[in-house]
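Peer 1: Please see the structure below; I have some questions.
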Amino acid sequence: MFNSYEEFLLSSCVFFSHLNSAVRSCTARHLSDTVEHMGLDRILSKIKVVADRLFPAIVRFTQDSSQQTRYYGQKMLFSMMTHPDFDKTIEKYVLTKDLPYIRKHVAQLREKGLGGLPLDTPSAKGRHSHTRSVGRLRDTINITDRETTEAYEVKRKTAPRNLLENEEYVKDITGLLTAKDFRDRIRGIKQLLLDAEHNQGFVVANIVKIFDAFNCRLNDLNGKVNRIALETMHQIIPLLKDNLSPVINMLIPAVVDNNLNSRNPGIYAAAKNVIQALCQHLDNYLLLQPFCTKAQFLNGKAKQDITEKLADIVRELYPRKPKSVEQKVLVVLWHLLGNMTNSGSLPGTGGNIRTATAKLSKALFAQMGPRLLTCAAAQSPHIKKTLEELLEAES
């Protein structure tokens, strides 16, 4: 039991990066209730670490792959934004790179209000409201469905000409992407690819709304839909490139959290292809923080794969952004070295991380040279010793 709201808040904030989306959503919900009860005055009047932990957690919640988790993150902002010191508070406790994103959210909340709690899947009422609009889009699609092969041919649609048509079209495609019938969800995925090819401006202008629905398909309980969504994402990335930046923080967890540890070889391979495409077609600076976070909190094969990709990012990005790379990636390296056993495993991860850690160490040493060892000397003796062993083995 917690003796105060402050203790609960401090203890809960550590779960904002939990691998399980249900845990993150539950944490966000309880934190939202706590923040609403405490108010900003009480939060700021307590020890500084409360605000230090709370606001980064709120930022992460508002960028989560789950619609419900994002809602609770926005609810926390909504409950505090009327306070006269709110703007000064977010400037103090929110990272500079996240400030424009949070200010945009606050502006939308002030204009449109919070709204209702979204559902992970449409309710019966919601599905009924989309019946006509989904039906119109289905009329444009020719489907051949057989037991072993499926051909989904979608016709190119005219780009929306005005705001009303745009809203109707968003409703159509998100209705398909969140449909109960898996075949409708696949049609929605194929329609999104066609739009990314021919109506790219429409997709970019509505990218957050569309990917709110599409991201769920990247972890669809139906394995066929899951695989098709990943394969389609692999095709979409070279089309949209850096235009994916508004959704990258929700896209990467949706791709890697479960798929890179999947026992289905098709899903695993498709997820790896998506990660490779992201590294190839996007500015790697956009990927740096999400990859660093995942390299610390993932487990199993996923942790190995992301750590190895992080090493590739270091090689490409360090000449352009040396300070950013050192600030973010060294934290990951110390985490890996500090927790890795002599055999190369990490507690509870179920996999050997030695090869991936060696690759990351070598990539950093190639850029930083002996200064990497100087930085390691400020860490525990175990970290410095393990780093030296890995570098000597590589040489």
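Ordering of the structure tokens sets the chain letters (A, B, ...), residue numbers begin anew at 1 in every chain, and ligands are numbered from 1 in the order given.
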Per DSSP on the backbone, filter segment 55-286 of chain A down to the residues in strand (DSSP E) and report them as a short mmCIF file (atom, residue, chain, number, x, y, z; two decimals) with N, CA, C and O atoms, in the first residue's frame.

Peer 2:
```cif
data_model
loop_
_atom_site.label_atom_id
_atom_site.label_comp_id
_atom_site.auth_asym_id
_atom_site.auth_seq_id
_atom_site.Cartn_x
_atom_site.Cartn_y
_atom_site.Cartn_z
N ILE A 141 -13.93 -2.15 -54.35
CA ILE A 141 -12.89 -3.16 -54.20
C ILE A 141 -13.36 -4.50 -54.75
O ILE A 141 -14.44 -4.96 -54.46
N ASN A 142 -12.53 -5.11 -55.56
CA ASN A 142 -12.82 -6.41 -56.13
C ASN A 142 -12.01 -7.45 -55.38
O ASN A 142 -10.79 -7.36 -55.32
N ILE A 143 -12.67 -8.44 -54.80
CA ILE A 143 -11.98 -9.40 -53.94
C ILE A 143 -12.15 -10.82 -54.46
O ILE A 143 -13.23 -11.23 -54.84
N THR A 144 -11.06 -11.55 -54.50
CA THR A 144 -11.10 -12.98 -54.74
C THR A 144 -10.48 -13.64 -53.53
O THR A 144 -9.31 -13.42 -53.24
N ASP A 145 -11.26 -14.46 -52.80
CA ASP A 145 -10.78 -15.04 -51.54
C ASP A 145 -10.83 -16.56 -51.66
O ASP A 145 -11.88 -17.15 -51.75
N GLU A 150 -5.10 -15.17 -51.79
CA GLU A 150 -6.06 -14.09 -51.77
C GLU A 150 -5.55 -12.96 -52.64
O GLU A 150 -4.37 -12.60 -52.58
N ALA A 151 -6.40 -12.43 -53.50
CA ALA A 151 -6.04 -11.27 -54.31
C ALA A 151 -6.96 -10.13 -53.93
O ALA A 151 -8.18 -10.25 -54.05
N TYR A 152 -6.40 -9.05 -53.44
CA TYR A 152 -7.17 -7.88 -53.04
C TYR A 152 -6.82 -6.75 -54.00
O TYR A 152 -5.75 -6.16 -53.90
N GLU A 153 -7.72 -6.48 -54.94
CA GLU A 153 -7.50 -5.43 -55.91
C GLU A 153 -8.35 -4.23 -55.53
O GLU A 153 -9.57 -4.32 -55.46
N VAL A 154 -7.72 -3.10 -55.29
CA VAL A 154 -8.46 -1.90 -54.91
C VAL A 154 -8.33 -0.87 -56.02
O VAL A 154 -7.29 -0.75 -56.66
#
```

Peer 1: Using only C-alpha atoms, pick whichever of A:Leu240, A:Met250, A:Lys180, A:Val94 has the shortest atom-to-atom distance to Leu221 of chain A.

Peer 2: A:Lys180

Peer 1: Env of Ile90 of chain A: 9 Å cut, atoms = only C-alpha atoms, seq-sep filter 5 positions within chain, self excluded. Answer as a PDB file with N, CA and C atoms, in the first residue's frame.

Peer 2:
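As written to disk, around-v6.pdb reads:
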```
ATOM      1  N   PHE A  55       6.077  14.362 -15.952  1.00  0.00           N
ATOM      2  CA  PHE A  55       5.873  14.966 -17.265  1.00  0.00           C
ATOM      3  C   PHE A  55       6.506  14.165 -18.408  1.00  0.00           C
ATOM      4  N   ASP A  85       0.213  28.506 -14.146  1.00  0.00           N
ATOM      5  CA  ASP A  85       1.630  28.190 -14.306  1.00  0.00           C
ATOM      6  C   ASP A  85       1.869  26.990 -15.223  1.00  0.00           C
ATOM      7  N   LEU A  95      11.064  17.861 -22.386  1.00  0.00           N
ATOM      8  CA  LEU A  95      12.240  18.039 -23.237  1.00  0.00           C
ATOM      9  C   LEU A  95      11.926  18.962 -24.401  1.00  0.00           C
ATOM     10  N   LEU A  99       8.389  19.557 -26.820  1.00  0.00           N
ATOM     11  CA  LEU A  99       7.524  20.704 -26.522  1.00  0.00           C
ATOM     12  C   LEU A  99       6.534  21.034 -27.646  1.00  0.00           C
ATOM     13  N   ILE A 102       3.656  18.551 -27.525  1.00  0.00           N
ATOM     14  CA  ILE A 102       2.762  18.727 -26.378  1.00  0.00           C
ATOM     15  C   ILE A 102       1.933  20.000 -26.531  1.00  0.00           C
ATOM     16  N   ARG A 103       2.556  21.075 -27.008  1.00  0.00           N
ATOM     17  CA  ARG A 103       1.801  22.322 -27.200  1.00  0.00           C
ATOM     18  C   ARG A 103       0.696  22.156 -28.231  1.00  0.00           C
TER      19      ARG A 103
END
```

Peer 1: Kindly assemble as JSON lines a list of the segment 157-267 of chain A residues that lie within 8 Å of segment 283-304 of chain A, each paired with its nearest atom pair and their distance in Å to one decimal, using only C-alpha atoms, sorted first by chain and then by ascending residue number.

Peer 2:
```
{"residue": "A:Asp242", "atom": "CA", "partner": "A:Asp283", "partner_atom": "CA", "distance": 6.7}
{"residue": "A:Ser245", "atom": "CA", "partner": "A:Leu286", "partner_atom": "CA", "distance": 6.9}
{"residue": "A:Ile248", "atom": "CA", "partner": "A:Leu286", "partner_atom": "CA", "distance": 7.6}
{"residue": "A:Asn249", "atom": "CA", "partner": "A:Pro290", "partner_atom": "CA", "distance": 6.4}
{"residue": "A:Ile252", "atom": "CA", "partner": "A:Pro290", "partner_atom": "CA", "distance": 7.0}
{"residue": "A:Pro253", "atom": "CA", "partner": "A:Lys294", "partner_atom": "CA", "distance": 7.9}
{"residue": "A:Val256", "atom": "CA", "partner": "A:Ala302", "partner_atom": "CA", "distance": 6.9}
{"residue": "A:Asp257", "atom": "CA", "partner": "A:Leu298", "partner_atom": "CA", "distance": 7.1}
{"residue": "A:Leu260", "atom": "CA", "partner": "A:Ala302", "partner_atom": "CA", "distance": 4.8}
{"residue": "A:Asn261", "atom": "CA", "partner": "A:Ala302", "partner_atom": "CA", "distance": 5.5}
```

Peer 1: Got a sec: who's within 9 Å of Val170 of chain A, counting only C-alpha atoms, leaving out chain neighbours fewer than 4 positions off, as a ChimeraX atom specification?

Peer 2: /A:165-166,174-175,206,209-210

Peer 1: Taking 6 positions as the minimum chain separation for residues in the same chain, which residues sit within 12 Å of segment 375-391 of chain A when counting only C-alpha atoms? Answer as a ChimeraX atom specification.

Peer 2: /A:326-327,330-344,353-366,368-369

Peer 1: Between A:His281, A:Arg263, A:His30, A:Lys104, single out the one closest to Met76 of chain A, counting only C-alpha atoms.

Peer 2: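 Among the listed residues, A:His30 lies closest to Met76 of chain A.
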
Peer 1: Skipping near chain neighbours, those fewer than 5 positions away, what residues fall within 10 Å of Arg60 of chain A using only C-alpha atoms, listed as a PyMOL selection string?

Peer 2: chain A and resi 16-17+24+28+55+65+69-70+73+98+249-250

Peer 1: Could you name the residues that touch Phe78 of chain A at 10 Å or less, counting only C-alpha atoms, but leaving out those on the same chain fewer than 5 positions away, as an mmCIF file with all heavy atoms, in the first residue's frame?

Peer 2:
```cif
data_model
loop_
_atom_site.group_PDB
_atom_site.id
_atom_site.type_symbol
_atom_site.label_atom_id
_atom_site.label_comp_id
_atom_site.auth_asym_id
_atom_site.auth_seq_id
_atom_site.Cartn_x
_atom_site.Cartn_y
_atom_site.Cartn_z
ATOM 1 N N SER A 32 -3.736 9.214 -14.320
ATOM 2 C CA SER A 32 -4.660 10.289 -14.681
ATOM 3 C C SER A 32 -5.575 10.634 -13.507
ATOM 4 O O SER A 32 -5.792 11.821 -13.204
ATOM 5 C CB SER A 32 -5.484 9.866 -15.897
ATOM 6 O OG SER A 32 -6.470 10.824 -16.193
ATOM 7 N N GLU A 36 -5.473 14.231 -11.484
ATOM 8 C CA GLU A 36 -6.696 15.015 -11.369
ATOM 9 C C GLU A 36 -7.018 15.312 -9.907
ATOM 10 O O GLU A 36 -7.480 16.402 -9.570
ATOM 11 C CB GLU A 36 -7.850 14.254 -12.026
ATOM 12 C CG GLU A 36 -9.117 15.077 -12.177
ATOM 13 C CD GLU A 36 -10.153 14.368 -13.020
ATOM 14 O OE1 GLU A 36 -9.934 13.186 -13.372
ATOM 15 O OE2 GLU A 36 -11.183 14.978 -13.327
ATOM 16 N N TYR A 72 -5.555 8.843 -21.913
ATOM 17 C CA TYR A 72 -5.271 9.165 -20.511
ATOM 18 C C TYR A 72 -4.110 10.157 -20.400
ATOM 19 O O TYR A 72 -4.088 10.994 -19.492
ATOM 20 C CB TYR A 72 -4.966 7.884 -19.736
ATOM 21 C CG TYR A 72 -6.176 7.001 -19.537
ATOM 22 C CD1 TYR A 72 -6.187 5.688 -19.997
ATOM 23 C CD2 TYR A 72 -7.315 7.480 -18.903
ATOM 24 C CE1 TYR A 72 -7.309 4.883 -19.835
ATOM 25 C CE2 TYR A 72 -8.428 6.682 -18.729
ATOM 26 C CZ TYR A 72 -8.421 5.382 -19.206
ATOM 27 O OH TYR A 72 -9.527 4.590 -19.035
ATOM 28 N N GLY A 73 -3.131 10.056 -21.317
ATOM 29 C CA GLY A 73 -2.068 11.054 -21.336
ATOM 30 C C GLY A 73 -2.621 12.443 -21.615
ATOM 31 O O GLY A 73 -2.247 13.430 -20.967
ATOM 32 N N HIS A 105 -0.917 19.359 -28.783
ATOM 33 C CA HIS A 105 -1.969 18.614 -28.093
ATOM 34 C C HIS A 105 -2.803 19.540 -27.214
ATOM 35 O O HIS A 105 -4.038 19.455 -27.196
ATOM 36 C CB HIS A 105 -1.356 17.515 -27.228
ATOM 37 C CG HIS A 105 -1.316 16.179 -27.891
ATOM 38 N ND1 HIS A 105 -2.451 15.531 -28.312
ATOM 39 C CD2 HIS A 105 -0.289 15.372 -28.210
ATOM 40 C CE1 HIS A 105 -2.118 14.372 -28.871
ATOM 41 N NE2 HIS A 105 -0.811 14.271 -28.821
ATOM 42 N N VAL A 106 -2.130 20.411 -26.473
ATOM 43 C CA VAL A 106 -2.830 21.319 -25.570
ATOM 44 C C VAL A 106 -3.727 22.268 -26.363
ATOM 45 O O VAL A 106 -4.873 22.537 -25.969
ATOM 46 C CB VAL A 106 -1.821 22.106 -24.706
ATOM 47 C CG1 VAL A 106 -2.526 23.191 -23.903
ATOM 48 C CG2 VAL A 106 -1.075 21.153 -23.765
ATOM 49 N N LEU A 109 -6.756 20.407 -27.350
ATOM 50 C CA LEU A 109 -7.629 20.189 -26.206
ATOM 51 C C LEU A 109 -8.404 21.456 -25.857
ATOM 52 O O LEU A 109 -9.590 21.403 -25.487
ATOM 53 C CB LEU A 109 -6.803 19.724 -25.000
ATOM 54 C CG LEU A 109 -6.240 18.301 -25.072
ATOM 55 C CD1 LEU A 109 -5.224 18.067 -23.953
ATOM 56 C CD2 LEU A 109 -7.359 17.270 -24.988
ATOM 57 N N ARG A 110 -7.744 22.611 -25.953
ATOM 58 C CA ARG A 110 -8.424 23.865 -25.654
ATOM 59 C C ARG A 110 -9.484 24.200 -26.695
ATOM 60 O O ARG A 110 -10.506 24.804 -26.391
ATOM 61 C CB ARG A 110 -7.397 24.997 -25.570
ATOM 62 C CG ARG A 110 -6.603 24.973 -24.269
ATOM 63 C CD ARG A 110 -5.471 25.974 -24.262
ATOM 64 N NE ARG A 110 -4.843 26.022 -22.931
ATOM 65 C CZ ARG A 110 -3.609 26.432 -22.713
ATOM 66 N NH1 ARG A 110 -2.853 26.834 -23.730
ATOM 67 N NH2 ARG A 110 -3.115 26.439 -21.483
ATOM 68 N N GLY A 113 -11.763 20.246 -26.736
ATOM 69 C CA GLY A 113 -12.076 19.513 -25.526
ATOM 70 C C GLY A 113 -11.440 18.127 -25.535
ATOM 71 O O GLY A 113 -10.784 17.727 -26.501
ATOM 72 N N LEU A 114 -11.680 17.365 -24.471
ATOM 73 C CA LEU A 114 -11.044 16.055 -24.324
ATOM 74 C C LEU A 114 -11.734 14.977 -25.133
ATOM 75 O O LEU A 114 -11.085 14.099 -25.705
ATOM 76 C CB LEU A 114 -11.022 15.668 -22.838
ATOM 77 C CG LEU A 114 -10.391 14.320 -22.494
ATOM 78 C CD1 LEU A 114 -8.918 14.304 -22.903
ATOM 79 C CD2 LEU A 114 -10.531 14.029 -21.002
#
```

Peer 1: What does the structure give for the distance between atom CA of Asn199 of chain A and atom CA of His234 of chain A, in Å to one decimal?

Peer 2: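 Rounded to one decimal, the two atoms are 17.7 Å apart.
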
Peer 1: Between A:Val325, A:Leu218, A:Leu193, A:Leu278, which is the closest to Pro238 of chain A once you count only C-alpha atoms?

Peer 2: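 Going through A:Val325, A:Leu218, A:Leu193, A:Leu278 one by one, the smallest distance to Pro238 of chain A is for A:Leu278.
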
Peer 1: So how many Å separate atom CA of Leu177 of chain A and atom CA of Arg217 of chain A, to one decimal?

Peer 2: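 These two atoms are separated by 7.4 Å.
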